[in-house]
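**Q** Input structure: target_17.txt, which contains compact mmCIF, C-alpha atoms.
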```
# COMPACT_ATOMS: atom_id res chain seq x y z
CA MET A 1 176.83 114.58 57.51
CA HIS A 2 175.32 111.18 57.31
CA LEU A 3 174.98 110.99 61.09
CA MET A 4 173.38 114.43 61.22
CA HIS A 5 170.83 113.44 58.57
CA ILE A 6 169.83 110.38 60.57
CA CYS A 7 169.32 112.49 63.70
CA GLN A 8 167.09 114.96 61.85
CA LEU A 9 164.91 112.15 60.50
CA ARG A 10 164.46 110.64 63.99
CA LEU A 11 163.65 114.02 65.56
CA GLY A 12 161.15 114.77 62.80
CA LYS A 13 159.28 111.53 63.44
CA LYS A 14 159.13 112.30 67.18
CA CYS A 15 157.85 115.81 66.51
CA ARG A 16 155.17 114.50 64.14
CA SER A 17 154.19 111.91 66.77
CA CYS A 18 153.98 114.64 69.40
CA GLY A 19 151.85 116.75 67.07
CA ARG A 20 149.35 113.96 66.57
CA ARG A 21 149.13 113.41 70.33
CA SER A 22 148.63 117.12 70.88
CA LYS A 23 145.75 117.20 68.41
CA ILE A 24 144.02 114.22 70.07
CA LEU A 25 144.53 115.79 73.49
CA GLY A 26 143.17 119.08 72.21
CA LEU A 27 140.06 117.44 70.77
CA PHE A 28 139.51 115.58 74.02
CA CYS A 29 139.81 118.84 75.98
CA CYS A 30 137.36 120.57 73.62
CA LEU A 31 134.86 117.73 74.13
CA ILE A 32 135.19 117.98 77.90
CA CYS A 33 134.71 121.77 77.75
CA ALA A 34 131.64 121.44 75.51
CA CYS A 35 130.05 118.94 77.90
CA ALA A 36 130.81 121.20 80.85
CA VAL A 37 129.25 124.19 79.09
CA LEU A 38 126.14 122.14 78.21
CA LEU A 39 125.74 120.94 81.81
CA ILE A 40 126.14 124.49 83.14
CA TYR A 41 123.53 125.75 80.67
CA MET A 42 121.08 123.01 81.62
CA TRP A 43 121.63 123.70 85.32
CA GLN A 44 121.01 127.42 84.79
CA GLN A 45 117.80 126.75 82.85
CA ASN A 46 116.58 124.34 85.49
CA SER A 47 117.45 126.85 88.22
CA LYS A 48 115.44 129.50 86.42
CA ARG A 49 112.40 127.23 86.38
CA GLU A 50 112.70 126.57 90.10
CA ILE A 51 113.09 130.25 91.03
CA PHE A 52 109.79 131.22 92.65
CA ASN A 53 108.22 134.46 91.55
CA PRO A 54 105.06 135.22 93.58
CA TYR A 55 103.99 137.84 91.04
CA GLU A 56 103.92 135.37 88.15
CA PRO A 57 100.56 133.53 88.13
CA ARG A 58 100.57 129.77 87.95
CA ILE A 59 97.96 128.11 85.79
CA LEU A 60 95.43 125.67 87.26
CA LEU A 61 93.71 123.86 84.39
CA TRP A 62 90.33 122.20 84.87
CA TRP A 63 90.21 119.11 82.65
CA THR A 64 86.44 118.93 82.30
CA ASP A 65 83.80 118.53 79.63
CA THR A 66 84.88 120.22 76.39
CA ASN A 67 81.33 121.59 75.98
CA GLU A 68 81.75 123.74 79.07
CA PRO A 69 82.04 127.47 78.23
CA LEU A 70 85.61 128.77 78.18
CA PHE A 71 86.62 130.77 81.26
CA TYR A 72 89.60 132.50 82.85
CA ARG A 73 89.79 133.91 86.35
CA ASN A 74 92.49 134.86 88.82
CA ILE A 75 92.48 133.85 92.46
CA TYR A 76 94.65 135.55 95.06
CA CYS A 77 96.17 133.79 98.05
CA GLY A 78 98.04 136.43 100.02
CA TYR A 79 101.07 137.36 97.88
CA TYR A 80 100.35 134.58 95.40
CA THR A 81 98.25 134.54 92.27
CA CYS A 82 96.90 131.62 90.29
CA THR A 83 95.06 131.68 86.99
CA VAL A 84 92.23 129.17 86.76
CA THR A 85 90.96 128.14 83.34
CA ASN A 86 89.53 125.28 81.31
CA ASP A 87 91.38 126.29 78.14
CA ARG A 88 93.08 123.09 76.99
CA LEU A 89 95.40 125.08 74.72
CA ARG A 90 97.25 126.06 77.92
CA LEU A 91 98.07 122.45 78.83
CA LYS A 92 101.84 122.80 78.29
CA GLU A 93 101.93 125.78 80.69
CA ALA A 94 99.62 124.41 83.39
CA LYS A 95 101.22 123.62 86.73
CA VAL A 96 98.22 121.68 88.04
CA ILE A 97 95.59 119.70 86.14
CA LEU A 98 92.32 119.58 88.10
CA PHE A 99 89.86 116.71 87.66
CA ASP A 100 86.26 116.69 88.85
CA GLY A 101 85.42 113.07 89.68
CA ILE A 102 81.83 113.56 88.51
CA SER A 103 82.91 114.18 84.90
CA PHE A 104 86.12 112.13 85.04
CA ASP A 105 86.57 110.32 81.70
CA VAL A 106 89.33 107.71 81.40
CA LEU A 107 89.25 108.10 77.59
CA ASP A 108 89.99 111.81 77.79
CA MET A 109 93.26 112.33 79.66
CA PRO A 110 95.90 115.12 79.36
CA LEU A 111 98.68 112.94 77.97
CA PRO A 112 101.59 113.17 77.61
CA ARG A 113 101.95 114.37 81.18
CA TYR A 114 104.83 116.80 81.64
CA ALA A 115 107.32 116.15 84.43
CA PHE A 116 106.52 119.39 86.26
CA GLN A 117 102.75 118.88 86.25
CA LEU A 118 100.66 117.83 89.23
CA TRP A 119 97.29 116.08 89.01
CA ALA A 120 94.57 116.92 91.53
CA LEU A 121 91.26 115.09 92.04
CA LEU A 122 88.07 116.54 93.53
CA TYR A 123 85.25 114.14 94.36
CA ASP A 124 82.41 115.00 96.74
CA ARG A 125 79.75 112.42 95.80
CA SER A 126 78.89 108.88 96.85
CA PRO A 127 81.74 106.40 96.23
CA ALA A 128 79.14 104.11 94.62
CA ASN A 129 79.00 106.49 91.65
CA ARG A 130 82.72 106.23 90.84
CA THR A 131 83.85 102.76 91.88
CA ILE A 132 86.96 102.79 89.68
CA LEU A 133 88.54 105.09 92.29
CA PHE A 134 88.44 102.18 94.78
CA PHE A 135 91.60 100.88 93.09
CA SER A 136 95.04 102.18 94.11
CA GLU A 137 96.42 101.50 90.59
CA LEU A 138 94.46 104.54 89.46
CA LEU A 139 94.52 106.71 92.56
CA ARG A 140 98.31 106.82 92.84
CA TYR A 141 98.61 108.94 89.69
CA PHE A 142 97.14 111.90 91.54
CA ASN A 143 99.24 114.19 93.70
CA TYR A 144 96.48 116.03 95.56
CA THR A 145 92.97 114.91 96.48
CA SER A 146 89.86 116.40 98.01
CA THR A 147 87.50 113.60 99.06
CA PHE A 148 85.35 112.54 102.02
CA SER A 149 88.37 110.96 103.78
CA ARG A 150 90.05 112.77 106.66
CA TYR A 151 93.38 111.69 105.11
CA SER A 152 92.67 113.55 101.89
CA ASP A 153 94.78 116.68 101.37
CA PHE A 154 91.64 118.81 101.61
CA PRO A 155 88.99 116.72 103.44
CA LEU A 156 85.29 117.02 102.60
CA THR A 157 84.10 114.82 105.47
CA LEU A 158 81.68 117.43 106.81
CA HIS A 159 80.70 119.22 103.63
CA THR A 160 77.26 117.57 103.66
CA LEU A 161 76.53 119.36 106.93
CA SER A 162 75.05 122.46 105.35
CA ASN A 163 74.27 124.51 108.45
CA VAL A 164 76.24 123.98 111.65
CA ALA A 165 74.04 126.32 113.71
CA ASP A 166 70.91 124.31 112.91
CA LEU A 167 72.59 121.16 114.22
CA VAL A 168 72.20 122.42 117.81
CA ASN A 169 69.29 124.79 117.32
CA PRO A 170 66.05 123.37 118.86
CA LEU A 171 63.99 125.19 116.21
CA PHE A 172 62.83 121.98 114.52
CA LEU A 173 62.44 119.95 117.73
CA ARG A 174 58.87 118.72 118.30
CA ARG A 175 57.16 117.63 121.45
CA SER A 176 56.52 113.92 121.87
CA GLU A 177 52.76 114.35 121.39
CA ASP A 178 53.39 116.10 118.06
CA LYS A 179 55.36 113.17 116.67
CA SER A 180 53.89 110.66 114.23
CA GLU A 181 52.39 107.43 115.52
CA ILE A 182 54.74 105.69 113.07
CA SER A 183 58.15 106.02 114.69
CA VAL A 184 60.52 105.24 111.79
CA LEU A 185 61.03 107.13 108.53
CA PHE A 186 62.82 105.81 105.43
CA MET A 187 63.16 108.05 102.37
CA GLU A 188 65.64 106.70 99.82
CA ASN A 189 65.27 106.32 96.07
CA ASN A 190 68.09 103.91 95.28
CA CYS A 191 67.46 100.23 96.00
CA ASN A 192 70.52 98.95 94.11
CA THR A 193 73.26 99.54 96.64
CA MET A 194 76.60 97.99 97.55
CA SER A 195 75.53 97.93 101.20
CA SER A 196 72.27 96.07 100.37
CA ARG A 197 70.44 98.39 102.74
CA GLU A 198 67.12 97.43 101.16
CA ASN A 199 67.43 93.94 102.71
CA TYR A 200 67.79 95.36 106.19
CA VAL A 201 64.92 97.82 105.86
CA ARG A 202 62.64 95.15 104.40
CA GLU A 203 63.26 92.89 107.40
CA LEU A 204 62.85 95.77 109.88
CA MET A 205 59.44 96.49 108.34
CA SER A 206 58.29 93.05 109.49
CA TYR A 207 58.85 94.10 113.13
CA VAL A 208 57.97 97.81 113.34
CA PRO A 209 55.95 100.17 111.10
CA VAL A 210 58.19 102.15 108.74
CA TYR A 211 56.99 105.15 106.76
CA SER A 212 58.78 104.79 103.40
CA CYS A 213 58.10 107.60 100.95
CA GLY A 214 61.04 107.24 98.57
CA SER A 215 61.20 105.09 95.45
CA CYS A 216 62.90 102.30 97.40
CA LEU A 217 60.40 100.08 99.27
CA ARG A 218 57.75 102.81 99.04
CA ASN A 219 54.60 102.22 101.03
CA ARG A 220 53.37 105.82 101.12
CA ASP A 221 52.90 108.50 98.49
CA ALA A 222 56.17 110.17 97.54
CA THR A 223 56.66 113.63 99.03
CA ARG A 224 58.26 116.37 96.96
CA PHE A 225 60.59 118.85 98.61
CA ARG A 226 61.83 122.07 97.09
CA HIS A 227 64.51 122.88 99.66
CA GLU A 228 66.57 121.03 102.23
CA ILE A 229 64.78 122.85 105.04
CA ASP A 230 61.54 121.23 103.88
CA VAL A 231 63.19 117.80 104.20
CA VAL A 232 64.31 118.62 107.75
CA ARG A 233 60.84 119.81 108.76
CA PHE A 234 59.31 116.60 107.43
CA MET A 235 61.87 114.47 109.29
CA SER A 236 61.11 116.23 112.57
CA ILE A 237 57.71 114.47 112.69
CA TYR A 238 59.39 111.08 113.18
CA ARG A 239 61.28 109.82 116.22
CA PHE A 240 63.77 107.88 114.09
CA THR A 241 65.16 108.18 110.56
CA LEU A 242 66.82 105.26 108.81
CA VAL A 243 70.18 106.40 107.43
CA LEU A 244 71.85 103.52 105.63
CA GLU A 245 74.61 104.57 103.25
CA ASP A 246 74.76 103.12 99.75
CA ALA A 247 78.50 102.46 100.22
CA THR A 248 80.55 101.55 103.29
CA CYS A 249 83.66 103.74 103.36
CA SER A 250 85.62 105.37 106.18
CA ASP A 251 84.52 108.98 106.75
CA TYR A 252 81.85 108.89 104.05
CA ILE A 253 78.78 110.51 105.66
CA SER A 254 75.81 111.49 103.52
CA SER A 255 73.64 114.53 104.18
CA ARG A 256 70.82 112.33 105.53
CA TYR A 257 72.71 111.75 108.80
CA TRP A 258 73.12 115.47 109.45
CA GLN A 259 69.55 116.23 108.35
CA ALA A 260 68.18 113.77 110.89
CA LEU A 261 70.29 115.25 113.69
CA THR A 262 69.21 118.76 112.67
CA ALA A 263 65.55 117.71 112.66
CA GLY A 264 65.71 116.16 116.14
CA SER A 265 65.01 112.71 114.68
CA VAL A 266 67.41 110.04 115.96
CA PRO A 267 69.37 108.47 113.07
CA ILE A 268 69.41 104.69 112.80
CA TYR A 269 72.75 104.51 111.04
CA TYR A 270 74.76 102.06 108.98
CA GLY A 271 77.71 102.95 106.76
CA SER A 272 80.98 104.58 107.70
CA PRO A 273 82.90 102.48 110.27
CA THR A 274 84.38 105.74 111.60
CA ILE A 275 81.04 107.51 112.12
CA ARG A 276 81.54 107.76 115.90
CA ASP A 277 84.53 110.02 115.30
CA TRP A 278 82.10 112.63 113.96
CA GLN A 279 78.98 112.23 116.12
CA PRO A 280 78.07 115.28 118.27
CA HIS A 281 77.95 113.23 121.51
CA ASN A 282 78.11 109.62 122.68
CA ARG A 283 74.41 108.94 122.13
CA SER A 284 73.77 110.70 118.87
CA ALA A 285 72.35 107.72 116.98
CA LEU A 286 71.44 104.06 117.03
CA TYR A 287 74.16 102.20 115.15
CA ILE A 288 73.03 99.05 113.37
CA SER A 289 76.47 97.47 113.79
CA ASP A 290 75.84 97.38 117.57
CA PHE A 291 72.92 94.96 117.22
CA HIS A 292 73.12 91.21 116.73
CA SER A 293 69.87 91.10 114.78
CA VAL A 294 67.17 93.26 113.25
CA LYS A 295 64.79 92.06 115.98
CA ASP A 296 67.09 93.47 118.71
CA LEU A 297 67.01 96.88 117.04
CA ALA A 298 63.23 96.74 116.63
CA ASP A 299 62.83 95.98 120.36
CA LEU A 300 64.90 99.03 121.33
CA ILE A 301 62.95 101.26 118.94
CA GLU A 302 59.71 100.25 120.67
CA GLN A 303 61.21 100.81 124.14
CA LEU A 304 62.51 104.28 123.32
CA SER A 305 59.23 105.25 121.65
CA GLU A 306 57.45 104.59 124.95
CA ASN A 307 60.10 106.11 127.26
CA GLU A 308 60.54 109.83 126.61
CA THR A 309 63.31 110.25 129.19
CA ALA A 310 65.43 107.53 127.64
CA TYR A 311 64.66 108.83 124.15
CA ASN A 312 65.74 112.38 125.03
CA GLU A 313 69.23 111.09 125.90
CA TYR A 314 69.77 110.90 122.13
CA LEU A 315 68.77 114.57 121.70
CA ARG A 316 71.44 116.05 123.96
CA HIS A 317 72.74 118.24 121.11
CA LYS A 318 69.30 119.90 121.05
CA LEU A 319 68.38 119.92 124.74
CA ASN A 320 71.72 120.77 126.40
CA SER A 321 72.20 124.45 125.56
CA LYS A 322 75.46 124.77 127.56
CA VAL A 323 77.44 121.90 126.01
CA PRO A 324 75.46 120.60 123.03
CA ILE A 325 78.51 119.06 121.30
CA THR A 326 81.06 117.12 123.36
CA ASN A 327 83.09 115.63 120.49
CA GLN A 328 86.28 117.69 120.26
CA ARG A 329 87.28 116.26 116.87
CA LEU A 330 83.98 117.45 115.41
CA LEU A 331 84.36 120.87 117.02
CA ASP A 332 87.88 121.31 115.63
CA ALA A 333 86.75 120.28 112.15
CA LEU A 334 83.81 122.68 112.26
CA VAL A 335 86.09 125.55 113.25
CA TRP A 336 88.47 124.75 110.37
CA GLN A 337 85.52 124.57 107.95
CA ARG A 338 84.20 127.92 109.20
CA ASP A 339 87.61 129.60 108.89
CA LEU A 340 87.90 128.44 105.29
CA ASP A 341 84.69 130.34 104.48
CA ILE A 342 84.81 129.95 100.70
CA PRO A 343 81.47 129.34 98.94
CA GLY A 344 81.45 126.32 96.66
CA ILE A 345 83.48 123.11 96.70
CA ARG A 346 85.31 123.96 93.47
CA LEU A 347 86.37 127.41 94.63
CA GLN A 348 87.65 125.93 97.90
CA PHE A 349 89.64 123.35 95.99
CA GLU A 350 91.21 125.97 93.70
CA LYS A 351 92.28 128.24 96.54
CA GLN A 352 93.65 125.37 98.63
CA LEU A 353 95.72 124.16 95.68
CA CYS A 354 96.98 127.65 94.92
CA MET A 355 98.23 127.96 98.49
CA ALA A 356 99.71 124.45 98.49
CA ILE A 357 101.84 124.91 95.36
CA ASN A 358 103.00 128.42 96.25
CA SER A 359 103.52 128.55 99.98
CA ASP A 360 106.91 126.80 100.06
CA GLY A 361 108.26 128.23 96.83
CA LYS A 362 108.21 124.81 95.16
CA PRO A 363 105.20 122.51 94.68
CA LYS A 364 105.46 119.39 96.80
CA SER A 365 105.74 116.10 94.95
CA LYS A 366 103.06 113.94 96.57
CA VAL A 367 101.36 110.68 95.67
CA ALA A 368 97.77 109.88 96.64
CA ASN A 369 97.05 106.54 98.31
CA SER A 370 94.11 104.35 99.22
CA THR A 371 93.52 106.10 102.56
CA GLN A 372 92.36 109.14 100.61
CA PHE A 373 89.46 107.14 99.15
CA ASP A 374 89.16 104.53 101.88
CA CYS A 375 86.64 101.96 100.67
CA PRO A 376 87.09 98.20 101.10
CA LEU A 377 86.74 96.26 97.86
CA LYS A 378 84.65 93.67 99.67
CA GLN A 379 81.83 95.86 100.94
CA PRO A 380 80.42 94.77 104.34
CA GLN A 381 76.64 94.55 104.75
CA PRO A 382 74.38 94.81 107.80
CA ALA A 383 73.41 91.44 109.28
CA THR A 384 70.02 90.21 108.04
CA LEU A 385 68.31 86.86 107.62
CA LYS A 386 68.92 87.17 103.89
CA ASN A 387 72.35 88.63 103.19
CA SER A 388 72.49 88.24 99.41
CA THR A 389 70.38 89.80 96.66
CA GLU A 390 70.33 89.92 92.90
CA ASN A 391 72.09 93.29 93.26
CA GLU A 392 75.13 91.55 94.75
CA ILE A 393 75.80 89.89 91.37
CA TYR A 394 75.64 93.28 89.67
CA TRP A 395 78.18 94.84 92.04
CA LYS A 396 80.58 91.88 91.79
CA HIS A 397 80.49 92.24 88.02
CA ARG A 398 80.95 96.00 88.31
CA PHE A 399 84.05 95.62 90.50
CA SER A 400 85.46 92.99 88.16
CA LEU A 401 85.14 95.38 85.23
CA ASP A 402 86.67 98.25 87.17
CA ARG A 403 89.58 96.10 88.29
CA CYS A 404 90.33 95.30 84.63
CA ALA A 405 90.00 98.96 83.69
CA ALA A 406 92.27 100.15 86.52
CA ARG A 407 95.05 97.73 85.54
CA ILE A 408 94.90 98.74 81.89
CA LEU A 409 94.87 102.45 82.75
CA ASP A 410 97.93 101.87 84.92
CA GLN A 411 99.75 100.37 81.91
CA LEU A 412 98.59 103.06 79.49
CA TRP A 413 99.41 105.96 81.81
CA GLN A 414 102.89 104.57 82.44
CA ARG A 415 103.55 104.87 78.70
CA ASN A 416 102.59 108.55 78.99
CA ALA A 417 101.13 108.73 75.48
CA PRO A 418 97.61 109.46 74.21
CA TYR A 419 95.39 106.46 73.57
CA THR A 420 91.97 105.78 72.07
CA LYS A 421 88.94 103.76 73.08
CA ALA A 422 90.10 101.09 70.62
CA ASN A 423 93.53 100.93 72.31
CA PHE A 424 91.86 100.68 75.69
CA GLU A 425 89.46 97.88 74.76
CA TYR A 426 92.20 95.96 72.97
CA GLN A 427 94.28 96.03 76.15
CA LEU A 428 91.25 94.88 78.16
CA ALA A 429 90.78 91.97 75.80
CA GLU A 430 94.44 90.99 76.10
CA LEU A 431 94.31 91.15 79.89
CA ALA A 432 91.13 89.23 80.55
CA GLY A 433 90.32 87.33 77.37
CA TRP A 434 88.03 88.39 74.57
CA GLY A 435 84.69 89.63 75.85
CA ALA A 436 85.54 89.42 79.56
CA CYS A 437 85.74 93.18 80.09
CA GLN A 438 84.18 94.44 76.87
CA SER A 439 81.06 95.77 78.60
CA TYR A 440 82.96 98.44 80.55
CA PHE A 441 81.74 101.27 78.31
CA ARG A 442 78.28 99.82 77.78
CA LYS A 443 77.06 100.09 81.36
```
In structure tokens, how does this file's structure come out?

**A**
Amino acid sequence: MHLMHICQLRLGKKCRSCGRRSKILGLFCCLICACAVLLIYMWQQNSKREIFNPYEPRILLWWTDTNEPLFYRNIYCGYYTCTVTNDRLRLKEAKVILFDGISFDVLDMPLPRYAFQLWALLYDRSPANRTILFFSELLRYFNYTSTFSRYSDFPLTLHTLSNVADLVNPLFLRRSEDKSEISVLFMENNCNTMSSRENYVRELMSYVPVYSCGSCLRNRDATRFRHEIDVVRFMSIYRFTLVLEDATCSDYISSRYWQALTAGSVPIYYGSPTIRDWQPHNRSALYISDFHSVKDLADLIEQLSENETAYNEYLRHKLNSKVPITNQRLLDALVWQRDLDIPGIRLQFEKQLCMAINSDGKPKSKVANSTQFDCPLKQPQPATLKNSTENEIYWKHRFSLDRCAARILDQLWQRNAPYTKANFEYQLAELAGWGACQSYFRK
């Protein structure tokens, strides 16, 4: 009996030990099962979000001035539908946030940014008006861009060419005897430019007569034009038109270049280093970068003004009716622009984005880079006897301020949380020392 009692006690202890182990094992199994169920649920929910339904509109939200009237509209891209709005209450649902560079406000950003959202930037104006975009710290937060650069997702390189047919149409072409005795026309209003074009024109005026009717270096009464066609008609009186861009950026071509070509007035051009990629033919313009000095250019202007045969070589796009344009790159771009056939830059941008985010079922995760707003931080200037001006100090200061701002925005946007003007200026002060960048919002 005693031996039996001892055996029962030992067996009982083993059973209780086994029971405790079983409970621990059971709890561990339950934990594993719960984790597995949670992972499966999360995977299913994620899969549902990635399932593409072409009949379910995706929201494109314009992040513009809050004073703009509220609007909703649908755009249709084949089987796909997108809803375009500026209703900020739909931020959490919006697939793409659209920014217009003209009204872009660094103090008014849609933060926090949701992981599924794409940012898209539209900017069709002079780079000199939005110099903060020169910095890659800012540009890389956008997924899609539509700018003047050919490397933009939706290039606007030729959007300043308003009428392709008029480019080759000899309608505005005047006979030599109907041209003005003054050969060169200059009609710009801005004399505070990154390219310091005013220096070059001022020196050219000392060699040849220049008819200047804009606010910059004006020596004639200003002429008012109601329509672009009136500008072109006025240009057609002059053999040459000075076209010096206010900023030097790859593929940035202002309307003045195309207006001069349309008018049959040879452009004297300075600006985009890639301009020859877009000229109608090999002798479409006189390019300032080809001349060692202003005097060399002035000498050629006088020679061409006296030699009609040599001058007409620059008007091949008007005089050669069989092959007016020999540049295949330009022809291909014009065909693409014609096929797009959507009135208005904004409407084009919306439809292009709708197609981009729907065509493959999933939106592509892209990151913009400096080639999509290709402007050197040190802006080159045409060679003159006097290369520097008081404006150069202004632009150096402007770039210094924008560099500070871009770095701070990079830090703030990485935190992905709303911020105020006070937050922003405090960060500027920490980065550059008190007062160094304080004038950013007082320009």

**Q** Using all atoms listed in the file, which protein or nucleic acid residues come within 9 Å of stretch 311-325 of chain A? Drop anything in the same chain fewer than 4 positions from it, and give the result as an MDAnalysis selection string.

**A** chainID A and resid 167:171 173 239 261:262 264:266 279:286 303:307 330:331

**Q** Mind checking which residues fall within 7 Å of stretch 404-408 of chain A, counting only C-alpha atoms, ignoring those fewer than 6 positions away in the same chain, and posting them as a PyMOL selection string?

**A** chain A and resi 132+135+137-138+427-428+437

**Q** Kindly indicate which residue among A:Cys375, A:Leu107, A:Val367, A:Ile102 lies nearest to A:Glu425, using all atoms listed in the file for the distances.

**A** A:Leu107

**Q** If you count only C-alpha atoms, which residues fall within 9 Å of stretch 72-79 of chain A, apart from same-chain ones fewer than 3 positions away, as a list in words?

**A**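 The filter keeps Pro54, Tyr55, Pro57, Cys82, Thr83, Val84, Thr85, Asn86, Asp87, Glu350, Lys351, Gln352, Cys354, Met355 and Asn358 of chain A.
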
**Q** Just write the chosen residues, C-alpha atoms, as an mmCIF file, in the coordinates of the input.

**A**
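In the end it all went to again14.cif:
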```
data_model
loop_
_atom_site.group_PDB
_atom_site.id
_atom_site.type_symbol
_atom_site.label_atom_id
_atom_site.label_comp_id
_atom_site.auth_asym_id
_atom_site.auth_seq_id
_atom_site.Cartn_x
_atom_site.Cartn_y
_atom_site.Cartn_z
ATOM 1 C CA PRO A 54 105.060 135.220 93.580
ATOM 2 C CA TYR A 55 103.990 137.840 91.040
ATOM 3 C CA PRO A 57 100.560 133.530 88.130
ATOM 4 C CA CYS A 82 96.900 131.620 90.290
ATOM 5 C CA THR A 83 95.060 131.680 86.990
ATOM 6 C CA VAL A 84 92.230 129.170 86.760
ATOM 7 C CA THR A 85 90.960 128.140 83.340
ATOM 8 C CA ASN A 86 89.530 125.280 81.310
ATOM 9 C CA ASP A 87 91.380 126.290 78.140
ATOM 10 C CA GLU A 350 91.210 125.970 93.700
ATOM 11 C CA LYS A 351 92.280 128.240 96.540
ATOM 12 C CA GLN A 352 93.650 125.370 98.630
ATOM 13 C CA CYS A 354 96.980 127.650 94.920
ATOM 14 C CA MET A 355 98.230 127.960 98.490
ATOM 15 C CA ASN A 358 103.000 128.420 96.250
#
```

**Q** Can you measure atom CA of A:Trp119 to atom CA of A:Asn143 for me? One decimal in Å is fine.

**A**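 Here the two named atoms are 5.4 Å from each other.
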
**Q** Near stretch 376-380 of chain A, within 8 Å and counting all atoms listed in the file, which residues show up once chain neighbours fewer than 4 positions away are dropped, as number ranges by chain?

**A** A: 134, 194-195, 247-249, 399

**Q** Which residue is closest to A:Cys191? Choose from A:Asp108, A:Asp402, A:Glu390, A:Glu203 and count all atoms listed in the file.

**A** A:Glu390

**Q** How many Å separate atom CA of A:Gln328 from atom CA of A:Gln381?

**A** 29.5 Å

**Q** Please compute the atom CA of A:Ser146-atom CA of A:Leu122 distance, one decimal, in Å.

**A**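 Taking atom CA of A:Ser146 as the start and atom CA of A:Leu122 as the end point, the length is 4.8 Å.
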
**Q** Excluding A:Glu198 and any residue of its chain fewer than 4 positions from it, enumerate the residues within 10 Å of it, using all atoms listed in the file, and give them as a JSON list (two decimals) with C-alpha atoms, in the coordinates of the input.

**A**
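Just written: part-v4.json:
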```json
[["chain", "number", "residue", "atom", "x", "y", "z"],
["A", 188, "GLU", "CA", 65.64, 106.70, 99.82],
["A", 190, "ASN", "CA", 68.09, 103.91, 95.28],
["A", 191, "CYS", "CA", 67.46, 100.23, 96.00],
["A", 192, "ASN", "CA", 70.52, 98.95, 94.11],
["A", 193, "THR", "CA", 73.26, 99.54, 96.64],
["A", 202, "ARG", "CA", 62.64, 95.15, 104.40],
["A", 203, "GLU", "CA", 63.26, 92.89, 107.40],
["A", 204, "LEU", "CA", 62.85, 95.77, 109.88],
["A", 216, "CYS", "CA", 62.90, 102.30, 97.40],
["A", 217, "LEU", "CA", 60.40, 100.08, 99.27],
["A", 244, "LEU", "CA", 71.85, 103.52, 105.63],
["A", 246, "ASP", "CA", 74.76, 103.12, 99.75],
["A", 389, "THR", "CA", 70.38, 89.80, 96.66]]
```

**Q** Box along x, y and z, 8 Å on every side, all listed atoms of stretch 298-305 of chain A inside: centre and edge lengths in Å to one decimal, as AutoDock Vina command-line options.

**A**
```
--center_x 62.1 --center_y 100.6 --center_z 120.4 --size_x 21.7 --size_y 25.3 --size_z 23.5
```

**Q** Give the answer as one residue: which of A:Tyr207, A:Asn423, A:Ser176, A:Pro273 has the shortest atom-to-atom distance to A:Thr309, using all atoms listed in the file?

**A**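 The answer is A:Ser176, which sits nearest to A:Thr309.
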
**Q** Which residues, protein or nucleic acid, reach to within 12 Å of (63.1, 98.1, 118.8) in the file's coordinates when using all atoms listed in the file, and can you give that as a list of chain:residue names?

**A** A:Ser183, A:Val184, A:Leu204, A:Met205, A:Ser206, A:Tyr207, A:Val208, A:Pro209, A:Val210, A:Phe240, A:Ile268, A:Leu286, A:Ile288, A:Phe291, A:Ser293, A:Val294, A:Lys295, A:Asp296, A:Leu297, A:Ala298, A:Asp299, A:Leu300, A:Ile301, A:Glu302, A:Gln303, A:Leu304, A:Ser305, A:Glu306

**Q** Need the neighbours of (57.5, 112.2, 114.7): which residues are at most 9 Å away, counting only C-alpha atoms, as number ranges by chain?

**A** A: 174-185, 234-240, 265
